[in-house]
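Student: Provided herewith: work12.pdb, PDB, C-alpha atoms.
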```pdb
ATOM      1  CA  MET J   1     146.862 -35.093 -19.789
ATOM      2  CA  SER J   2     148.762 -36.696 -22.676
ATOM      3  CA  ASP J   3     147.370 -36.749 -26.229
ATOM      4  CA  SER J   4     146.614 -40.474 -25.918
ATOM      5  CA  ARG J   5     144.166 -39.777 -23.062
ATOM      6  CA  GLN J   6     142.645 -36.589 -24.389
ATOM      7  CA  SER J   7     138.860 -36.261 -24.127
ATOM      8  CA  ASP J   8     138.382 -34.042 -27.171
ATOM      9  CA  ASN J   9     137.455 -36.371 -30.018
ATOM     10  CA  SER J  10     137.773 -33.588 -32.609
ATOM     11  CA  THR J  11     141.571 -33.910 -32.515
ATOM     12  CA  PRO J  12     142.768 -36.459 -35.118
ATOM     13  CA  ASN J  13     145.157 -38.125 -32.653
ATOM     14  CA  ALA J  14     142.631 -38.209 -29.830
ATOM     15  CA  ARG J  15     141.973 -41.479 -28.057
ATOM     16  CA  ALA J  16     139.054 -43.428 -29.487
ATOM     17  CA  TRP J  17     136.442 -43.363 -26.710
ATOM     18  CA  ARG J  18     134.263 -45.983 -28.223
ATOM     19  CA  LEU J  19     135.060 -49.512 -29.181
ATOM     20  CA  GLY J  20     135.428 -49.133 -32.919
ATOM     21  CA  GLY J  21     136.382 -45.452 -33.110
ATOM     22  CA  PRO J  22     135.855 -41.910 -31.877
ATOM     23  CA  MET J  23     132.419 -40.622 -30.898
ATOM     24  CA  THR J  24     130.694 -37.401 -31.743
ATOM     25  CA  GLU J  25     129.512 -35.256 -28.858
ATOM     26  CA  GLU J  26     125.950 -36.457 -29.454
ATOM     27  CA  GLN J  27     127.054 -40.115 -29.386
ATOM     28  CA  ARG J  28     129.050 -39.506 -26.215
ATOM     29  CA  VAL J  29     126.070 -37.907 -24.450
ATOM     30  CA  ARG J  30     123.872 -40.830 -25.509
ATOM     31  CA  ALA J  31     126.467 -43.434 -24.436
ATOM     32  CA  LYS J  32     126.786 -41.786 -21.024
ATOM     33  CA  ALA J  33     122.992 -41.803 -20.578
ATOM     34  CA  ILE J  34     122.787 -45.471 -21.601
ATOM     35  CA  PHE J  35     125.647 -46.353 -19.238
ATOM     36  CA  ILE J  36     124.025 -44.634 -16.242
ATOM     37  CA  ASP J  37     120.608 -46.156 -17.009
ATOM     38  CA  LYS J  38     122.061 -49.676 -17.284
ATOM     39  CA  LEU J  39     124.214 -49.177 -14.164
ATOM     40  CA  LYS J  40     121.061 -48.300 -12.206
ATOM     41  CA  ARG J  41     119.276 -51.408 -13.481
ATOM     42  CA  THR J  42     122.067 -54.007 -13.388
ATOM     43  CA  HIS J  43     124.441 -52.694 -10.709
ATOM     44  CA  SER J  44     127.315 -53.776 -12.983
ATOM     45  CA  VAL J  45     129.905 -51.516 -14.620
ATOM     46  CA  THR J  46     130.778 -54.256 -17.117
ATOM     47  CA  LEU J  47     127.178 -54.741 -18.273
ATOM     48  CA  ALA J  48     126.617 -50.978 -18.415
ATOM     49  CA  CYS J  49     129.713 -50.603 -20.599
ATOM     50  CA  GLU J  50     128.573 -53.392 -22.903
ATOM     51  CA  GLN J  51     125.150 -51.769 -23.292
ATOM     52  CA  ALA J  52     126.689 -48.342 -23.985
ATOM     53  CA  LYS J  53     129.253 -49.946 -26.336
ATOM     54  CA  ILE J  54     132.221 -48.417 -24.508
ATOM     55  CA  SER J  55     135.223 -49.921 -22.764
ATOM     56  CA  ARG J  56     135.499 -50.005 -18.980
ATOM     57  CA  GLN J  57     138.522 -47.702 -19.253
ATOM     58  CA  THR J  58     136.431 -45.175 -21.175
ATOM     59  CA  ALA J  59     133.771 -45.230 -18.470
ATOM     60  CA  TYR J  60     136.368 -44.673 -15.741
ATOM     61  CA  ASP J  61     138.050 -41.926 -17.790
ATOM     62  CA  TRP J  62     134.705 -40.156 -18.247
ATOM     63  CA  ARG J  63     134.004 -40.513 -14.542
ATOM     64  CA  GLN J  64     137.303 -38.828 -13.738
ATOM     65  CA  ILE J  65     137.027 -35.899 -16.170
ATOM     66  CA  ASP J  66     133.254 -35.288 -16.279
ATOM     67  CA  GLU J  67     132.004 -34.087 -12.902
ATOM     68  CA  GLU J  68     128.301 -34.486 -13.763
ATOM     69  CA  PHE J  69     128.835 -38.016 -15.105
ATOM     70  CA  GLY J  70     130.795 -38.874 -11.956
ATOM     71  CA  LYS J  71     127.956 -37.569  -9.783
ATOM     72  CA  GLN J  72     125.389 -39.600 -11.717
ATOM     73  CA  TRP J  73     127.593 -42.683 -11.306
ATOM     74  CA  GLU J  74     127.868 -42.116  -7.546
ATOM     75  CA  ASP J  75     124.094 -41.557  -7.330
ATOM     76  CA  ALA J  76     123.543 -44.872  -9.144
ATOM     77  CA  VAL J  77     125.885 -46.663  -6.721
ATOM     78  CA  GLU J  78     124.145 -45.097  -3.698
ATOM     79  CA  ARG J  79     120.790 -46.111  -5.191
ATOM     80  CA  ASP J  80     122.089 -49.700  -5.464
ATOM     81  CA  LYS J  81     123.097 -49.629  -1.809
ATOM     82  CA  ASP J  82     119.668 -48.297  -0.829
ATOM     83  CA  ILE J  83     117.998 -51.101  -2.792
ATOM     84  CA  ALA J  84     120.212 -53.673  -1.056
ATOM     85  CA  ARG J  85     119.382 -52.208   2.364
ATOM     86  CA  ALA J  86     115.661 -52.217   1.555
ATOM     87  CA  SER J  87     115.821 -55.834   0.346
ATOM     88  CA  ILE J  88     117.638 -56.909   3.506
ATOM     89  CA  PHE J  89     115.052 -55.089   5.624
ATOM     90  CA  GLU J  90     112.096 -56.541   3.701
ATOM     91  CA  ARG J  91     113.262 -60.165   3.750
ATOM     92  CA  GLY J  92     114.890 -60.104   7.184
ATOM     93  CA  ILE J  93     112.486 -57.925   9.161
ATOM     94  CA  LEU J  94     109.147 -57.727   7.306
ATOM     95  CA  GLY J  95     109.297 -61.173   5.710
ATOM     96  CA  TRP J  96     107.349 -62.508   2.742
ATOM     97  CA  ASP J  97     104.467 -64.848   2.011
ATOM     98  CA  GLU J  98     105.434 -68.120   0.366
ATOM     99  CA  PRO J  99     102.806 -70.422  -1.166
ATOM    100  CA  VAL J 100     102.520 -73.901   0.354
ATOM    101  CA  VAL J 101     103.232 -76.659  -2.180
ATOM    102  CA  ASN J 102     102.686 -80.393  -1.745
ATOM    103  CA  ALA J 103     103.765 -82.900  -4.405
ATOM    104  CA  GLY J 104     104.350 -80.016  -6.793
ATOM    105  CA  MET J 105     100.808 -78.659  -6.413
ATOM    106  CA  LEU J 106      99.649 -75.484  -4.689
ATOM    107  CA  ILE J 107      97.569 -76.060  -1.581
ATOM    108  CA  TYR J 108      94.319 -74.072  -1.435
ATOM    109  CA  GLU J 109      91.963 -73.120   1.342
ATOM    110  CA  TYR J 110      88.453 -74.445   0.839
ATOM    111  CA  GLU J 111      85.397 -72.419   1.749
ATOM    112  CA  PRO J 112      81.675 -73.038   1.646
ATOM    113  CA  ALA J 113      80.019 -72.494  -1.726
ATOM    114  CA  LEU J 114      77.315 -69.830  -1.498
ATOM    115  CA  ASP J 115      74.156 -69.363  -3.526
ATOM    116  CA  ASN J 116      72.972 -66.042  -4.996
ATOM    117  CA  GLU J 117      71.472 -64.942  -1.679
ATOM    118  CA  GLY J 118      74.709 -65.657   0.216
ATOM    119  CA  SER J 119      73.476 -68.866   1.881
ATOM    120  CA  GLN J 120      75.609 -71.964   2.046
ATOM    121  CA  ARG J 121      74.874 -74.575  -0.650
ATOM    122  CA  PHE J 122      74.462 -78.287   0.086
ATOM    123  CA  ASP J 123      74.591 -81.357  -2.138
ATOM    124  CA  SER J 124      71.758 -83.923  -2.507
ATOM    125  CA  LYS J 125      72.943 -85.797   0.606
ATOM    126  CA  GLY J 126      72.922 -82.623   2.722
ATOM    127  CA  LYS J 127      76.697 -82.221   2.862
ATOM    128  CA  PRO J 128      78.054 -78.661   2.457
ATOM    129  CA  ILE J 129      79.508 -77.932  -0.971
ATOM    130  CA  MET J 130      83.028 -76.566  -0.716
ATOM    131  CA  GLN J 131      84.871 -74.553  -3.319
ATOM    132  CA  ARG J 132      88.529 -73.792  -3.777
ATOM    133  CA  GLY J 133      89.526 -70.451  -2.311
ATOM    134  CA  LYS J 134      92.867 -68.678  -2.151
ATOM    135  CA  PRO J 135      96.214 -70.484  -2.028
ATOM    136  CA  VAL J 136      97.612 -71.260   1.433
ATOM    137  CA  SER J 137     100.812 -69.404   2.243
ATOM    138  CA  LEU J 138     103.265 -69.216   5.103
ATOM    139  CA  HIS J 139     104.859 -65.999   6.256
ATOM    140  CA  LYS J 140     108.641 -66.418   6.378
ATOM    141  CA  TRP J 141     111.656 -64.363   7.440
ATOM    142  CA  SER J 142     115.371 -64.707   6.879
ATOM    143  CA  ASP J 143     117.096 -64.897  10.247
ATOM    144  CA  THR J 144     120.475 -64.366   8.575
ATOM    145  CA  LEU J 145     119.338 -61.116   6.940
ATOM    146  CA  ALA J 146     117.664 -59.982  10.173
ATOM    147  CA  VAL J 147     120.966 -60.435  12.016
ATOM    148  CA  ALA J 148     122.867 -58.630   9.231
ATOM    149  CA  TYR J 149     120.405 -55.735   9.418
ATOM    150  CA  ALA J 150     120.633 -55.587  13.216
ATOM    151  CA  LYS J 151     124.446 -55.611  13.197
ATOM    152  CA  ALA J 152     124.561 -52.830  10.620
ATOM    153  CA  ASN J 153     121.876 -50.588  12.104
ATOM    154  CA  LEU J 154     121.317 -51.290  15.799
ATOM    155  CA  PRO J 155     124.172 -50.365  18.157
ATOM    156  CA  GLU J 156     123.296 -53.040  20.702
ATOM    157  CA  TYR J 157     123.829 -55.752  18.032
ATOM    158  CA  LYS J 158     127.071 -54.451  16.534
ATOM    159  CA  ASP J 159     130.056 -56.744  16.901
ATOM    160  CA  LYS J 160     132.071 -55.482  19.810
ATOM    161  CA  GLN J 161     135.808 -55.882  19.772
ATOM    162  CA  GLN J 162     137.435 -56.305  23.121
ATOM    163  CA  VAL J 163     141.009 -56.742  24.200
ATOM    164  CA  GLU J 164     141.535 -58.576  27.426
ATOM    165  CA  HIS J 165     144.741 -58.439  29.391
ATOM    166  CA  SER J 166     145.562 -60.239  32.575
ATOM    167  CA  GLY J 167     148.433 -59.075  34.694
ATOM    168  CA  SER J 168     149.888 -55.645  35.110
ATOM    169  CA  ILE J 169     151.783 -53.255  32.906
ATOM    170  CA  ASP J 170     154.569 -51.138  34.361
ATOM    171  CA  ILE J 171     154.413 -48.178  31.984
ATOM    172  CA  ILE J 172     156.806 -45.982  33.979
ATOM    173  CA  GLY J 173     159.361 -48.797  34.278
ATOM    174  CA  ALA J 174     159.059 -49.606  30.565
ATOM    175  CA  ARG J 175     159.624 -45.958  29.667
ATOM    176  CA  ASP J 176     162.710 -45.748  31.923
ATOM    177  CA  ARG J 177     164.200 -48.965  30.440
ATOM    178  CA  LEU J 178     163.638 -47.624  26.917
ATOM    179  CA  LEU J 179     165.340 -44.332  27.767
ATOM    180  CA  GLU J 180     168.318 -46.227  29.270
ATOM    181  CA  LYS J 181     168.666 -48.317  26.092
ATOM    182  CA  LEU J 182     168.517 -45.228  23.919
ATOM    183  CA  ALA J 183     171.137 -43.481  26.042
ATOM    184  CA  SER J 184     173.535 -46.433  25.911
ATOM    185  CA  ALA J 185     173.091 -47.078  22.163
ATOM    186  CA  PRO J 186     176.015 -45.992  19.984
ATOM    187  CA  ASP J 187     175.389 -42.813  18.040
ATOM    188  CA  ASP J 188     175.563 -43.442  14.274
ATOM    189  CA  ASN J 189     176.908 -39.911  13.790
ATOM    190  CA  ASP J 190     179.988 -40.547  15.966
ATOM    191  CA  SER J 191     183.094 -41.296  13.968
ATOM    192  CA  ASP J 192     185.658 -43.733  15.334
TER     193      ASP J 192
END
```
Represent the supplied structure as structure tokens.
Tutor:
Amino acid sequence: MSDSRQSDNSTPNARAWRLGGPMTEEQRVRAKAIFIDKLKRTHSVTLACEQAKISRQTAYDWRQIDEEFGKQWEDAVERDKDIARASIFERGILGWDEPVVNAGMLIYEYEPALDNEGSQRFDSKGKPIMQRGKPVSLHKWSDTLAVAYAKANLPEYKDKQQVEHSGSIDIIGARDRLLEKLASAPDDNDSD
């Protein structure tokens, strides 16, 4: 490794790891921890670098020379993939409840109003008194995410690639013709 890419910041000519100058070992440990934490939360190398106040090149250099840092980085990336898979599964397979809205207002279920003994209450005209209950919701799924999940995880839904050929192939004849051409070709090593 050349002096310009050296990782030892104690050398006067060492590369400045941090935007603005070299870091102490303590600062480097802290910057690495901040980077990994932000990478886990944002899934973005650029944002993690900004939070840790290091350049992208510094992060990639550290990843290359620091085995533990590289492992933590890979773990963060795998965690991101797991989160993406779980989100696809939740929205595509399990679905979610979405409140019903009409004219910008939530729609509620109405239920009979009960007195202290649990009996239904009535107004002065004998009509049941109703009270607002819980919001109405619809259970929804994402068909697109369900298909993506199925294609990635269920063999019967994977895209199958097929090559169709009509006619016949004369492999023996093709081999013989190729050998004839090779035998009749001029040899580049022959001198005239």
Student: To one decimal place, how far is CA of Gly133 (chain J) from CA of Pro112 (chain J) in Å?
Tutor: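 Computing it gives 9.2 Å between the two atoms.
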Student: I need the residue nearest Arg63 (chain J) from this list: J:Ser168, J:Lys32, J:Leu39, J:Asp115. Use only C-alpha atoms for the distance.
Tutor: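 Looking at the shortest contact to Arg63 (chain J), the residue is J:Lys32.
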Student: Any chance you could resolve the PyMOL selection byres ((chain J and resi 36) around 12) against this file and give the residues as a ChimeraX atom specification?
Tutor: /J:29-35,37-52,59,62-63,68-77,79
Student: Smallest atom-to-atom distance to Gln131 (chain J): which of J:Ala148, J:Gly118, J:Gln57, J:Tyr110, using only C-alpha atoms?
Tutor: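 Under the stated criterion, the closest residue is J:Tyr110.
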Student: Since I can't run it myself right now, could you work out what the PyMOL selection byres ((chain J and resi 108) around 8) selects here and report it as an mmCIF file with C-alpha atoms, in the frame of the given file?
Tutor:
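result09.cif was written with the following content:
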```
data_model
loop_
_atom_site.group_PDB
_atom_site.id
_atom_site.type_symbol
_atom_site.label_atom_id
_atom_site.label_comp_id
_atom_site.auth_asym_id
_atom_site.auth_seq_id
_atom_site.Cartn_x
_atom_site.Cartn_y
_atom_site.Cartn_z
ATOM 1 C CA LEU J 106 99.649 -75.484 -4.689
ATOM 2 C CA ILE J 107 97.569 -76.060 -1.581
ATOM 3 C CA GLU J 109 91.963 -73.120 1.342
ATOM 4 C CA TYR J 110 88.453 -74.445 0.839
ATOM 5 C CA ARG J 132 88.529 -73.792 -3.777
ATOM 6 C CA GLY J 133 89.526 -70.451 -2.311
ATOM 7 C CA LYS J 134 92.867 -68.678 -2.151
ATOM 8 C CA PRO J 135 96.214 -70.484 -2.028
ATOM 9 C CA VAL J 136 97.612 -71.260 1.433
#
```
Student: By how many Å are CA of Lys160 (chain J) and CA of Ala86 (chain J) apart?
Tutor: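 Pair CA of Lys160 (chain J) / CA of Ala86 (chain J) returns 24.8 Å.
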Student: Can you turn the PyMOL selection byres ((chain J and resi 149) around 12) into a concrete residue list for this file, as a list in words?
Tutor: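 Listing what the PyMOL selection byres ((chain J and resi 149) around 12) selects in the shown file: Ala84, Arg85, Ala86, Ser87, Ile88, Phe89, Glu90, Arg91, Gly92, Ile93, Leu94, Ser142, Asp143, Thr144, Leu145, Ala146, Val147, Ala148, Ala150, Lys151, Ala152, Asn153, Leu154, Pro155, Glu156, Tyr157 and Lys158 of chain J.
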Student: Considering only C-alpha atoms, can you say which of J:Ser124, J:Ser119, J:Ser166, J:Asn102 comes closest to Ser137 (chain J)?
Tutor: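 Among the listed residues, the smallest separation from Ser137 (chain J) belongs to J:Asn102.
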Student: Provide the CA of Pro22 (chain J) to CA of Glu67 (chain J) distance in Å, to one decimal place.
Tutor: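 Distance between the two atoms: 20.9 Å.
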Student: For each of J:Met23, J:Leu178, J:Glu98, J:Ile54, take the minimum atom-to-atom distance to Leu138 (chain J), counting all atoms listed in the file, then give the residue where this is smallest.
Tutor: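 Ranked by minimum distance to Leu138 (chain J), first place goes to J:Glu98.
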Student: Using only the atoms of region 82-93 of chain J listed in the file, plus 8 Å on each side, state the axis-aligned box centre and edge lengths in Å rounded to one decimal, as JSON.
Tutor:
```
{"center_x": 116.2, "center_y": -54.2, "center_z": 3.2, "size_x": 24.1, "size_y": 27.9, "size_z": 28.0}
```
Student: Which of these, J:Lys125, J:Trp96, J:Gly173, J:Gly167, has the shortest distance to Trp141 (chain J) once you count all atoms listed in the file?
Tutor: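 Smallest distance to Trp141 (chain J) is found for J:Trp96.
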Student: Residues near Asp123 (chain J), anyone? I mean within 12 Å using only C-alpha atoms, not counting same-chain ones fewer than 3 positions away, as a ChimeraX atom specification.
Tutor: /J:112-114,120,126-130
